[in-house]
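S.K.: Take this structure first; my questions come after.
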Amino acid sequence: MAFEADAVVFQNLNCESGSKGLWAGGGPHAVSLSCTIALIVLCGKRLEHKEVLVGLLFLAFPFLPASNLFFRVGFVVAERVLYMPSMGYCILLVHGLSKLYTWLNRCGATLSVSKMLLLLLFSWKTVKQNEIWLSRESLFRSGVETLPHNAKVHYNYANFLKDRGGNQEAVYHYRTALKLYPRHASALNNLGTLTKDTAEAKMYYERALRLHPQHNRALFNLENLLKSHGQKEDAIALLKDSIKYGPEFTDAYSSLASLLAEQARFKEAEEVYQAGIKHCPDSSDLHNNYGVFLVDFGSPEKAAAHYQEAVRLSPGHHVAMVNLGRLYRSLGENSLAEECYKREQYSGITSVLRVTSVFLLVRPGEESVSVVAQVLAVMEQTEEAEHIVSLMVVEEAECLKCYRLLSTIYSKQEHHDKALSAIDHALQLKPKDPKVLSELFFTKGNQLREQNLLDKAYESYQAAVELNPDQAQAWMNMGGIQHMQGNYVSARTYYERALQLVPDNKLLKENLHKLHHLEKRLQEVRRKHHT
């Protein structure tokens with residue numbers, strides 16, 4: 001089981017640094033501060049006005065590492081870089097005000113007015129800056145407006161837009177970043193995730209890897225692309241490299257284990273999961289995924305432990321909670337299963353985004369849809385369920401369970417024509433299991449009956465019992481149709497056959513009782529007619 005997506009990118013605002021070691025991140029500022037203090041100590045004794053020296057050194061020297069004058073650095077010359085230089089500015093300002101105060105000590109009114117004007121000026125500037133820092137969007141947009149020729153600010157703004165769903169704008173800013181700095185590997189990788197043309201996306205990933213062969217996200221995304229084209233061995237090799245260069249990248253472990261399991265390389269898949277948990281012990285997703293793997297291969301007790309660990313690490317992990325409940329139910333621990341489902345229900349799922357995360361995290365394939373449907377059915381969120389299952393149908397056109405779930409969802413929405421269409425799609429897949437095929441015909445009969453197409457519904461029920469004679473509900477529904485159409489002898493035959501299979505069914509007994517009264521009344525009418 002894996003958390004997979006065709007375009008998975010994880011980056012923060014400084015995911016790619018242009019320099020390493022001491023000069024990456026905060027290192028240059030620490031060195032600058034040390035040098036500034038040393039110069040103050042060495043030169044300060046010789047000057048009468050030490051404030052000027054201190055102010056100038058703090059103003060100029062700490063800014064040099066971020067100025068790109070001597071070497072290229074990988075972070076934006078943003079306001080955070082101005083913290084130490086602003087100390088020098090404040091020292092010089094106070095020193096200047098002190099001199100001004102001495103000069104204007106006889107003009108108290110003029111000084112008061114000057115102070116008030118200065119206060120108003122800086123208050124206005126503070127208000128304007130606060131508008132920029134009001135949100136991530138305004139901050140990033142300000143960066144683009146202030147530094148339109150800086151590749152990094154375009155890249156950061158593109159990341160924000162992509163996360164918010166503004167893919168077209170994000171593509172524009174990624175391309176602008178690449179025009180300004182063509183060797184930006186992360187921009188190439190992220191641009192590939194937003195490209196619908198698979199050939200073009202592959203080109204972007206490959207360009208990113210030529211520039212940065214150890215870019216584990218680009219390796220992962222290229223793997224997804226190759227896997228979708230059936231190149232599974234190449235995909236496995238790329239995933240191994242992705243793990244090698246990013247040992248804390250949990251998605252790569254899950255995807256690699258899933259691919260190995262598909263090829264019946266179960267021992268290797270288990271080793272990958274164990275390695276992933278060793279390197280990422282706090283990943284609730286990995287514990288959940290490994291739990292599903294263990295269930296599939298006959299270790300339910302171990303699986304339960306990993307599901308529990310996933311829930312402990314992330315109490316809001318709805319998938320792990322649902323999986324644990326299903327496992328308890330399969331083990332006959334119904335009380336524990338009920339407790340899990342209640343916890344899942346009370347936690348609540350209120351957005352398509354969270355439901356989609358459930359869908360992605362469970363496993364690629366039909367089982368994921370089953371879990372999503374169970375959760376959404378509890379929450380009565382049929383529109384969200386329809387959205388997610390429809391996406392799965394697009395991804396897997398031969399997903400039998402998807403069509404069955406769509407039929408159920410449409411039926412709840414009372415869109416019986418759509419429900420019927422979904423079941424017809426499922427029947428076209430021609431499942432080999434006669435019981436599954438019987439269920440499909442039974443469901444089709446139900447949808448036809450809802451549309452009052454009783455003759456066609458009867459034919460579907462008949463096909464269902466021919467495939468599975470133990471389908472009691474189909475026998476009962478055939479009896480109901482015959483009952484409604486006045487064919488009482490056939491109705492009794494079908495009811496009695498159903499009663500043999502479910503002797504305690506109250507509704508069936510009530511129908512037989514009603515049928516008995518109708519037959520008696522019919523006999524009385526016939527007697528009177530003959531007399």
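Residues in the structure tokens are numbered from 1 in each chain, the chains being A, B, ... in the order shown, and ligands are numbered from 1 in the order shown.
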Using only C-alpha atoms, which residues of range 160-267 of chain A come within 12 Å of range 137-142 of chain A, and what is the closest atom pair for each, with the distance in Å to one decimal? Give it as CSV, sorted by chain and residue number.
M.R.:
residue,atom,partner,partner_atom,distance
A:Phe160,CA,A:Glu137,CA,7.3
A:Leu161,CA,A:Glu137,CA,8.4
A:Lys162,CA,A:Glu137,CA,11.8
A:Asp163,CA,A:Glu137,CA,11.2
A:Arg164,CA,A:Glu137,CA,9.8
A:Gly166,CA,A:Glu137,CA,11.9
A:His173,CA,A:Arg141,CA,11.1
S.K.: For the residues in that selection, give me N, CA and C atoms as a PDB file, in the first residue's frame.
M.R.:
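The resulting selection-v6.pdb:
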ATOM      1  N   PHE A 160       3.411  28.880  -3.677  1.00  0.00           N
ATOM      2  CA  PHE A 160       2.192  29.291  -2.977  1.00  0.00           C
ATOM      3  C   PHE A 160       0.962  29.147  -3.877  1.00  0.00           C
ATOM      4  N   LEU A 161       1.076  29.614  -5.118  1.00  0.00           N
ATOM      5  CA  LEU A 161      -0.051  29.540  -6.043  1.00  0.00           C
ATOM      6  C   LEU A 161      -0.447  28.095  -6.321  1.00  0.00           C
ATOM      7  N   LYS A 162       0.559  27.231  -6.476  1.00  0.00           N
ATOM      8  CA  LYS A 162       0.280  25.815  -6.745  1.00  0.00           C
ATOM      9  C   LYS A 162      -0.458  25.175  -5.571  1.00  0.00           C
ATOM     10  N   ASP A 163      -0.013  25.475  -4.358  1.00  0.00           N
ATOM     11  CA  ASP A 163      -0.671  24.921  -3.170  1.00  0.00           C
ATOM     12  C   ASP A 163      -2.107  25.405  -3.048  1.00  0.00           C
ATOM     13  N   ARG A 164      -2.356  26.619  -3.539  1.00  0.00           N
ATOM     14  CA  ARG A 164      -3.704  27.194  -3.455  1.00  0.00           C
ATOM     15  C   ARG A 164      -4.590  26.765  -4.620  1.00  0.00           C
ATOM     16  N   GLY A 166      -3.936  27.631  -7.916  1.00  0.00           N
ATOM     17  CA  GLY A 166      -3.787  28.523  -9.077  1.00  0.00           C
ATOM     18  C   GLY A 166      -2.698  28.024 -10.006  1.00  0.00           C
ATOM     19  N   HIS A 173       4.945  31.694 -13.214  1.00  0.00           N
ATOM     20  CA  HIS A 173       6.031  32.127 -12.328  1.00  0.00           C
ATOM     21  C   HIS A 173       7.168  31.106 -12.284  1.00  0.00           C
TER      22      HIS A 173
END
S.K.: Kindly indicate which residue among A:Lys278, A:His215, A:Lys128, A:His229 lies nearest to Tyr253 in chain A, using only C-alpha atoms for the distances.
M.R.: A:Lys278
S.K.: Excluding same-chain residues fewer than 2 positions from Ala275 in chain A, what lies within 12 Å of it counting only C-alpha atoms, as a short mmCIF file (atom, residue, chain, number, x, y, z; two decimals) with N, CA and C atoms, in the first residue's frame?
M.R.:
data_model
loop_
_atom_site.label_atom_id
_atom_site.label_comp_id
_atom_site.auth_asym_id
_atom_site.auth_seq_id
_atom_site.Cartn_x
_atom_site.Cartn_y
_atom_site.Cartn_z
N LYS A 240 14.58 3.55 -5.57
CA LYS A 240 15.73 3.23 -4.71
C LYS A 240 16.69 4.41 -4.63
N ILE A 243 15.16 7.08 -2.36
CA ILE A 243 15.37 6.75 -0.95
C ILE A 243 16.83 6.96 -0.54
N LYS A 244 17.74 6.62 -1.45
CA LYS A 244 19.17 6.78 -1.17
C LYS A 244 19.51 8.24 -0.90
N PRO A 247 16.58 9.76 2.55
CA PRO A 247 16.18 8.63 3.42
C PRO A 247 15.00 8.93 4.33
N GLU A 248 14.58 10.18 4.43
CA GLU A 248 13.42 10.52 5.25
C GLU A 248 12.19 10.84 4.41
N PHE A 249 12.23 10.45 3.13
CA PHE A 249 11.11 10.69 2.21
C PHE A 249 10.16 9.49 2.28
N THR A 250 9.13 9.58 3.10
CA THR A 250 8.28 8.43 3.41
C THR A 250 7.52 7.90 2.20
N ALA A 252 8.40 7.61 -0.84
CA ALA A 252 9.22 6.74 -1.68
C ALA A 252 9.24 5.32 -1.13
N TYR A 253 9.31 5.17 0.19
CA TYR A 253 9.29 3.84 0.79
C TYR A 253 7.97 3.14 0.48
N SER A 254 6.86 3.86 0.66
CA SER A 254 5.55 3.25 0.43
C SER A 254 5.37 2.85 -1.04
N LEU A 256 7.74 2.21 -3.29
CA LEU A 256 8.65 1.11 -3.63
C LEU A 256 8.11 -0.21 -3.10
N ALA A 257 7.66 -0.22 -1.85
CA ALA A 257 7.11 -1.45 -1.28
C ALA A 257 5.88 -1.91 -2.05
N GLU A 268 11.19 -8.49 -0.07
CA GLU A 268 11.83 -7.20 -0.33
C GLU A 268 10.91 -6.05 0.07
N ALA A 269 9.61 -6.21 -0.23
CA ALA A 269 8.64 -5.15 0.13
C ALA A 269 8.61 -4.94 1.64
N GLU A 270 8.62 -6.05 2.39
CA GLU A 270 8.60 -5.93 3.84
C GLU A 270 9.87 -5.26 4.36
N GLU A 271 11.00 -5.60 3.77
CA GLU A 271 12.26 -4.97 4.16
C GLU A 271 12.23 -3.47 3.90
N VAL A 272 11.60 -3.06 2.80
CA VAL A 272 11.49 -1.63 2.49
C VAL A 272 10.64 -0.93 3.54
N TYR A 273 9.50 -1.54 3.90
CA TYR A 273 8.65 -0.94 4.93
C TYR A 273 9.41 -0.81 6.25
N ILE A 277 10.27 2.62 8.31
CA ILE A 277 9.88 2.88 9.70
C ILE A 277 11.11 3.16 10.56
N LYS A 278 12.23 2.51 10.22
CA LYS A 278 13.48 2.76 10.96
C LYS A 278 13.95 4.20 10.76
N HIS A 279 13.89 4.68 9.51
CA HIS A 279 14.36 6.04 9.22
C HIS A 279 13.31 7.09 9.54
N CYS A 280 12.04 6.70 9.50
CA CYS A 280 10.94 7.67 9.74
C CYS A 280 9.99 7.08 10.78
N PRO A 281 10.44 6.90 12.03
CA PRO A 281 9.60 6.23 13.03
C PRO A 281 8.34 7.00 13.39
N LEU A 286 3.35 5.60 7.10
CA LEU A 286 4.13 4.38 6.89
C LEU A 286 3.63 3.25 7.77
N HIS A 287 3.32 3.55 9.03
CA HIS A 287 2.79 2.51 9.92
C HIS A 287 1.46 1.99 9.39
N TYR A 290 2.15 -0.13 6.20
CA TYR A 290 2.75 -1.42 6.56
C TYR A 290 1.68 -2.33 7.19
#
S.K.: Tell me, in Å to one decimal, how far CA of Asn452 in chain A is from CA of Met484 in chain A.
M.R.: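 CA of Met484 in chain A lies 11.4 Å from CA of Asn452 in chain A.
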S.K.: What lies within 8 Å of range 466-478 of chain A using only C-alpha atoms, ignoring chain neighbours under 4 positions off, as a PDB file with N, CA, C and O atoms, in the first residue's frame?
M.R.:
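The file below, around-v1.pdb, is the result:
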ATOM      1  N   PRO A 434     -19.031 -15.787 -10.084  1.00  0.00           N
ATOM      2  CA  PRO A 434     -20.483 -15.801 -10.284  1.00  0.00           C
ATOM      3  C   PRO A 434     -21.256 -15.073  -9.188  1.00  0.00           C
ATOM      4  O   PRO A 434     -22.313 -14.491  -9.452  1.00  0.00           O
ATOM      5  N   LYS A 435     -20.722 -15.091  -7.966  1.00  0.00           N
ATOM      6  CA  LYS A 435     -21.415 -14.387  -6.884  1.00  0.00           C
ATOM      7  C   LYS A 435     -21.363 -12.880  -7.092  1.00  0.00           C
ATOM      8  O   LYS A 435     -22.337 -12.176  -6.826  1.00  0.00           O
ATOM      9  N   LEU A 437     -21.068 -11.393 -10.013  1.00  0.00           N
ATOM     10  CA  LEU A 437     -21.944 -11.131 -11.146  1.00  0.00           C
ATOM     11  C   LEU A 437     -23.410 -11.162 -10.716  1.00  0.00           C
ATOM     12  O   LEU A 437     -24.229 -10.349 -11.154  1.00  0.00           O
ATOM     13  N   SER A 438     -23.735 -12.107  -9.822  1.00  0.00           N
ATOM     14  CA  SER A 438     -25.091 -12.199  -9.291  1.00  0.00           C
ATOM     15  C   SER A 438     -25.467 -10.928  -8.536  1.00  0.00           C
ATOM     16  O   SER A 438     -26.579 -10.399  -8.693  1.00  0.00           O
ATOM     17  N   PHE A 442     -28.474  -8.312  -9.330  1.00  0.00           N
ATOM     18  CA  PHE A 442     -29.420  -7.992  -8.261  1.00  0.00           C
ATOM     19  C   PHE A 442     -29.538  -6.472  -8.086  1.00  0.00           C
ATOM     20  O   PHE A 442     -30.629  -5.916  -7.989  1.00  0.00           O
ATOM     21  N   TYR A 458     -37.493  -7.912 -13.085  1.00  0.00           N
ATOM     22  CA  TYR A 458     -37.702  -9.349 -12.884  1.00  0.00           C
ATOM     23  C   TYR A 458     -36.640 -10.159 -13.636  1.00  0.00           C
ATOM     24  O   TYR A 458     -36.093 -11.132 -13.104  1.00  0.00           O
ATOM     25  N   TYR A 461     -33.348  -9.985 -11.717  1.00  0.00           N
ATOM     26  CA  TYR A 461     -33.374 -10.837 -10.526  1.00  0.00           C
ATOM     27  C   TYR A 461     -33.249 -12.310 -10.925  1.00  0.00           C
ATOM     28  O   TYR A 461     -32.582 -13.103 -10.245  1.00  0.00           O
ATOM     29  N   GLN A 462     -33.901 -12.660 -12.028  1.00  0.00           N
ATOM     30  CA  GLN A 462     -33.851 -14.043 -12.512  1.00  0.00           C
ATOM     31  C   GLN A 462     -32.401 -14.414 -12.876  1.00  0.00           C
ATOM     32  O   GLN A 462     -31.936 -15.508 -12.549  1.00  0.00           O
ATOM     33  N   GLN A 482     -44.151 -10.429  -8.905  1.00  0.00           N
ATOM     34  CA  GLN A 482     -45.274 -11.289  -9.304  1.00  0.00           C
ATOM     35  C   GLN A 482     -46.517 -10.997  -8.457  1.00  0.00           C
ATOM     36  O   GLN A 482     -47.651 -11.009  -8.967  1.00  0.00           O
ATOM     37  N   ALA A 491     -45.760 -15.916  -7.263  1.00  0.00           N
ATOM     38  CA  ALA A 491     -45.288 -15.141  -6.125  1.00  0.00           C
ATOM     39  C   ALA A 491     -45.064 -16.040  -4.913  1.00  0.00           C
ATOM     40  O   ALA A 491     -44.036 -15.948  -4.233  1.00  0.00           O
ATOM     41  N   TYR A 494     -41.882 -18.149  -5.259  1.00  0.00           N
ATOM     42  CA  TYR A 494     -40.655 -17.390  -5.004  1.00  0.00           C
ATOM     43  C   TYR A 494     -40.505 -17.051  -3.529  1.00  0.00           C
ATOM     44  O   TYR A 494     -39.407 -17.121  -2.964  1.00  0.00           O
ATOM     45  N   TYR A 495     -41.619 -16.650  -2.890  1.00  0.00           N
ATOM     46  CA  TYR A 495     -41.562 -16.343  -1.464  1.00  0.00           C
ATOM     47  C   TYR A 495     -41.118 -17.557  -0.656  1.00  0.00           C
ATOM     48  O   TYR A 495     -40.285 -17.445   0.262  1.00  0.00           O
ATOM     49  N   ARG A 497     -39.384 -20.079  -1.661  1.00  0.00           N
ATOM     50  CA  ARG A 497     -37.957 -20.383  -1.904  1.00  0.00           C
ATOM     51  C   ARG A 497     -37.072 -19.458  -1.060  1.00  0.00           C
ATOM     52  O   ARG A 497     -36.071 -19.892  -0.478  1.00  0.00           O
ATOM     53  N   ALA A 498     -37.466 -18.192  -0.973  1.00  0.00           N
ATOM     54  CA  ALA A 498     -36.703 -17.244  -0.165  1.00  0.00           C
ATOM     55  C   ALA A 498     -36.781 -17.607   1.314  1.00  0.00           C
ATOM     56  O   ALA A 498     -35.788 -17.499   2.051  1.00  0.00           O
ATOM     57  N   LEU A 499     -37.982 -18.083   1.748  1.00  0.00           N
ATOM     58  CA  LEU A 499     -38.172 -18.433   3.149  1.00  0.00           C
ATOM     59  C   LEU A 499     -37.291 -19.610   3.562  1.00  0.00           C
ATOM     60  O   LEU A 499     -36.861 -19.704   4.715  1.00  0.00           O
ATOM     61  N   LEU A 501     -34.313 -20.013   2.608  1.00  0.00           N
ATOM     62  CA  LEU A 501     -32.965 -19.468   2.804  1.00  0.00           C
ATOM     63  C   LEU A 501     -32.896 -18.558   4.025  1.00  0.00           C
ATOM     64  O   LEU A 501     -31.864 -18.530   4.720  1.00  0.00           O
ATOM     65  N   VAL A 502     -33.976 -17.793   4.283  1.00  0.00           N
ATOM     66  CA  VAL A 502     -33.995 -16.871   5.437  1.00  0.00           C
ATOM     67  C   VAL A 502     -35.299 -17.082   6.204  1.00  0.00           C
ATOM     68  O   VAL A 502     -36.242 -16.282   6.095  1.00  0.00           O
ATOM     69  N   LEU A 508     -40.642 -10.982   4.801  1.00  0.00           N
ATOM     70  CA  LEU A 508     -41.043 -12.091   3.932  1.00  0.00           C
ATOM     71  C   LEU A 508     -42.301 -12.770   4.472  1.00  0.00           C
ATOM     72  O   LEU A 508     -43.241 -13.088   3.717  1.00  0.00           O
TER      73      LEU A 508
END
S.K.: Figure out the distance between CA of Leu522 in chain A and CA of Pro503 in chain A, please, to one decimal in Å.
M.R.: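 That distance, rounded to one decimal, is 26.6 Å.
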S.K.: So that I can see what lies close to Asp424 in chain A, please list as a compact mmCIF listing (two decimals) with N, CA, C and O atoms, in the first residue's frame the residues with an atom at most 12 Å from it, counting only C-alpha atoms and leaving out residues fewer than 2 positions away in the same chain.
M.R.:
# COMPACT_ATOMS: atom_id res chain seq x y z
N LEU A 400 -13.99 -2.30 -10.98
CA LEU A 400 -15.34 -2.84 -10.79
C LEU A 400 -16.00 -2.26 -9.55
O LEU A 400 -17.16 -1.82 -9.58
N TYR A 403 -17.51 1.32 -9.87
CA TYR A 403 -18.84 1.44 -10.49
C TYR A 403 -19.93 1.00 -9.52
O TYR A 403 -21.01 1.60 -9.48
N ARG A 404 -19.63 -0.02 -8.73
CA ARG A 404 -20.63 -0.47 -7.75
C ARG A 404 -20.88 0.61 -6.71
O ARG A 404 -22.02 0.88 -6.32
N LEU A 406 -20.31 3.85 -7.14
CA LEU A 406 -21.01 4.96 -7.79
C LEU A 406 -22.51 4.68 -7.85
O LEU A 406 -23.34 5.57 -7.64
N SER A 407 -22.85 3.44 -8.16
CA SER A 407 -24.27 3.07 -8.22
C SER A 407 -24.94 3.28 -6.86
O SER A 407 -26.05 3.81 -6.77
N ASP A 417 -31.30 6.62 -12.73
CA ASP A 417 -30.81 6.40 -14.08
C ASP A 417 -29.28 6.34 -14.10
O ASP A 417 -28.68 5.50 -14.78
N LYS A 418 -28.63 7.24 -13.32
CA LYS A 418 -27.16 7.21 -13.22
C LYS A 418 -26.69 5.94 -12.52
O LYS A 418 -25.68 5.35 -12.90
N ALA A 419 -27.43 5.54 -11.49
CA ALA A 419 -27.06 4.31 -10.78
C ALA A 419 -27.13 3.11 -11.72
O ALA A 419 -26.25 2.23 -11.69
N LEU A 420 -28.15 3.07 -12.55
CA LEU A 420 -28.30 1.98 -13.51
C LEU A 420 -27.16 1.98 -14.53
O LEU A 420 -26.61 0.93 -14.87
N SER A 421 -26.79 3.16 -14.98
CA SER A 421 -25.69 3.28 -15.94
C SER A 421 -24.39 2.77 -15.33
O SER A 421 -23.60 2.08 -16.00
N ALA A 422 -24.14 3.10 -14.07
CA ALA A 422 -22.91 2.65 -13.40
C ALA A 422 -22.88 1.13 -13.31
O ALA A 422 -21.83 0.50 -13.53
N ALA A 426 -20.30 -1.74 -14.90
CA ALA A 426 -19.69 -2.83 -14.12
C ALA A 426 -19.93 -4.18 -14.79
O ALA A 426 -19.03 -5.03 -14.84
N LEU A 427 -21.15 -4.39 -15.32
CA LEU A 427 -21.46 -5.66 -15.98
C LEU A 427 -20.64 -5.84 -17.26
O LEU A 427 -20.28 -6.97 -17.62
N GLN A 428 -20.32 -4.73 -17.92
CA GLN A 428 -19.51 -4.82 -19.14
C GLN A 428 -18.09 -5.31 -18.86
O GLN A 428 -17.41 -5.82 -19.75
N LEU A 429 -17.65 -5.18 -17.61
CA LEU A 429 -16.31 -5.68 -17.24
C LEU A 429 -16.28 -7.20 -17.11
O LEU A 429 -15.20 -7.79 -17.03
N LYS A 430 -17.47 -7.84 -17.07
CA LYS A 430 -17.61 -9.30 -17.05
C LYS A 430 -16.76 -9.96 -15.96
O LYS A 430 -15.81 -10.71 -16.25
N LEU A 437 -21.07 -11.39 -10.01
CA LEU A 437 -21.94 -11.13 -11.15
C LEU A 437 -23.41 -11.16 -10.72
O LEU A 437 -24.23 -10.35 -11.15
N LEU A 440 -24.30 -7.98 -9.04
CA LEU A 440 -24.49 -6.89 -10.01
C LEU A 440 -25.88 -6.95 -10.64
O LEU A 440 -26.55 -5.91 -10.78
N PHE A 441 -26.31 -8.14 -11.04
CA PHE A 441 -27.65 -8.28 -11.62
C PHE A 441 -28.73 -7.93 -10.58
O PHE A 441 -29.76 -7.32 -10.91
N PHE A 442 -28.47 -8.31 -9.33
CA PHE A 442 -29.42 -7.99 -8.26
C PHE A 442 -29.54 -6.47 -8.09
O PHE A 442 -30.63 -5.92 -7.99
N THR A 443 -28.38 -5.78 -8.07
CA THR A 443 -28.39 -4.33 -7.94
C THR A 443 -29.08 -3.67 -9.14
O THR A 443 -29.83 -2.70 -8.98
N LYS A 444 -28.82 -4.20 -10.32
CA LYS A 444 -29.48 -3.67 -11.51
C LYS A 444 -30.99 -3.82 -11.40
O LYS A 444 -31.75 -2.90 -11.73
N GLY A 445 -31.42 -4.97 -10.91
CA GLY A 445 -32.85 -5.18 -10.71
C GLY A 445 -33.45 -4.16 -9.76
O GLY A 445 -34.55 -3.65 -9.99
N GLN A 447 -32.43 -1.09 -9.21
CA GLN A 447 -32.52 0.21 -9.87
C GLN A 447 -33.67 0.25 -10.88
O GLN A 447 -34.38 1.26 -11.00
N LEU A 448 -33.86 -0.83 -11.59
CA LEU A 448 -34.98 -0.91 -12.53
C LEU A 448 -36.31 -0.88 -11.80
O LEU A 448 -37.28 -0.25 -12.25
N SER A 460 -33.62 -9.24 -14.42
CA SER A 460 -32.33 -9.09 -13.74
C SER A 460 -32.26 -9.95 -12.49
O SER A 460 -31.25 -10.61 -12.22
S.K.: Return the single residue from A:Gly325, A:Gly88, A:Gly480, A:Gly55 that is closest to Gln308 in chain A, with distances computed using only C-alpha atoms.
M.R.: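 Looking only at the distances to Gln308 in chain A, the closest residue turns out to be A:Gly325.
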S.K.: Which residues come within 9 Å of range 218-223 of chain A, counting only C-alpha atoms, excluding same-chain residues fewer than 6 positions away, as a ChimeraX atom specification?
M.R.: /A:5-9,185-186,188-190,192-193,201-202,204-206,208-209,231-232,234-239,241-243,251-252,255
S.K.: What lies within 12 Å of Arg312 in chain A using only C-alpha atoms, ignoring chain neighbours under 5 positions off, as a ChimeraX atom specification?
M.R.: /A:282-285,287-288,305-307,317-318,320-321
S.K.: Go ahead and save the picked residues with all heavy atoms, as a short mmCIF file (atom, residue, chain, number, x, y, z; two decimals), in the first residue's frame.
M.R.:
data_model
loop_
_atom_site.label_atom_id
_atom_site.label_comp_id
_atom_site.auth_asym_id
_atom_site.auth_seq_id
_atom_site.Cartn_x
_atom_site.Cartn_y
_atom_site.Cartn_z
N ASP A 282 8.32 8.29 13.10
CA ASP A 282 7.16 9.11 13.46
C ASP A 282 6.17 9.29 12.31
O ASP A 282 5.27 10.13 12.38
CB ASP A 282 7.62 10.49 13.93
CG ASP A 282 8.44 10.41 15.21
OD1 ASP A 282 8.20 9.49 16.01
OD2 ASP A 282 9.34 11.26 15.40
N SER A 283 6.33 8.50 11.24
CA SER A 283 5.43 8.62 10.10
C SER A 283 4.21 7.73 10.31
O SER A 283 4.29 6.50 10.22
CB SER A 283 6.15 8.22 8.80
OG SER A 283 5.23 8.15 7.74
N SER A 284 3.08 8.33 10.58
CA SER A 284 1.85 7.55 10.78
C SER A 284 1.42 6.88 9.48
O SER A 284 0.86 5.77 9.50
CB SER A 284 0.73 8.47 11.29
OG SER A 284 0.53 9.56 10.41
N ASP A 285 1.70 7.52 8.34
CA ASP A 285 1.32 6.93 7.05
C ASP A 285 2.06 5.62 6.80
O ASP A 285 1.48 4.64 6.32
CB ASP A 285 1.61 7.91 5.91
CG ASP A 285 0.75 9.15 5.98
OD1 ASP A 285 -0.31 9.08 6.63
OD2 ASP A 285 1.15 10.18 5.41
N HIS A 287 3.32 3.55 9.03
CA HIS A 287 2.79 2.51 9.92
C HIS A 287 1.46 1.99 9.39
O HIS A 287 1.21 0.78 9.40
CB HIS A 287 2.61 3.08 11.33
CG HIS A 287 3.89 3.17 12.11
ND1 HIS A 287 4.51 2.07 12.66
CD2 HIS A 287 4.68 4.23 12.41
CE1 HIS A 287 5.62 2.45 13.29
NE2 HIS A 287 5.74 3.76 13.15
N ASN A 288 0.61 2.89 8.91
CA ASN A 288 -0.67 2.48 8.36
C ASN A 288 -0.48 1.61 7.12
O ASN A 288 -1.10 0.55 6.96
CB ASN A 288 -1.50 3.70 8.02
CG ASN A 288 -2.79 3.35 7.32
OD1 ASN A 288 -3.70 2.78 7.92
ND2 ASN A 288 -2.89 3.67 6.04
N ALA A 305 -0.98 -3.73 15.59
CA ALA A 305 -0.01 -2.93 16.35
C ALA A 305 0.42 -1.69 15.55
O ALA A 305 0.55 -0.59 16.11
CB ALA A 305 1.21 -3.78 16.70
N HIS A 306 0.61 -1.86 14.24
CA HIS A 306 1.03 -0.72 13.42
C HIS A 306 -0.11 0.26 13.20
O HIS A 306 0.12 1.48 13.16
CB HIS A 306 1.61 -1.22 12.09
CG HIS A 306 2.99 -1.78 12.22
ND1 HIS A 306 4.10 -0.98 12.33
CD2 HIS A 306 3.43 -3.06 12.30
CE1 HIS A 306 5.18 -1.74 12.44
NE2 HIS A 306 4.81 -3.00 12.43
N TYR A 307 -1.34 -0.24 13.04
CA TYR A 307 -2.48 0.68 12.95
C TYR A 307 -2.59 1.52 14.24
O TYR A 307 -2.83 2.72 14.19
CB TYR A 307 -3.78 -0.10 12.76
CG TYR A 307 -3.97 -0.69 11.39
CD1 TYR A 307 -4.66 -1.90 11.22
CD2 TYR A 307 -3.49 -0.06 10.25
CE1 TYR A 307 -4.85 -2.45 9.96
CE2 TYR A 307 -3.68 -0.59 8.99
CZ TYR A 307 -4.36 -1.79 8.85
OH TYR A 307 -4.55 -2.33 7.61
N HIS A 317 -5.75 10.47 12.18
CA HIS A 317 -5.49 9.65 10.98
C HIS A 317 -6.70 8.75 10.73
O HIS A 317 -6.80 7.64 11.24
CB HIS A 317 -4.24 8.80 11.19
CG HIS A 317 -3.61 8.33 9.92
ND1 HIS A 317 -4.29 7.60 8.98
CD2 HIS A 317 -2.35 8.50 9.43
CE1 HIS A 317 -3.48 7.32 7.97
NE2 HIS A 317 -2.30 7.86 8.23
N HIS A 318 -7.63 9.27 9.93
CA HIS A 318 -8.92 8.59 9.72
C HIS A 318 -8.74 7.23 9.04
O HIS A 318 -9.44 6.27 9.35
CB HIS A 318 -9.83 9.47 8.87
CG HIS A 318 -10.01 10.83 9.43
ND1 HIS A 318 -10.78 11.09 10.52
CD2 HIS A 318 -9.46 12.03 9.08
CE1 HIS A 318 -10.74 12.38 10.82
NE2 HIS A 318 -9.93 12.97 9.95
N ALA A 320 -6.17 5.07 9.18
CA ALA A 320 -5.69 4.05 10.11
C ALA A 320 -6.82 3.61 11.04
O ALA A 320 -6.94 2.42 11.36
CB ALA A 320 -4.51 4.59 10.91
N MET A 321 -7.65 4.56 11.46
CA MET A 321 -8.76 4.22 12.34
C MET A 321 -9.76 3.30 11.64
O MET A 321 -10.22 2.30 12.21
CB MET A 321 -9.46 5.51 12.79
CG MET A 321 -10.56 5.29 13.82
SD MET A 321 -9.89 4.69 15.36
CE MET A 321 -9.01 6.17 15.89
#
S.K.: To one decimal place in Å, what is the distance between CA of Cys90 in chain A and CA of Leu59 in chain A?
M.R.: 9.0 Å
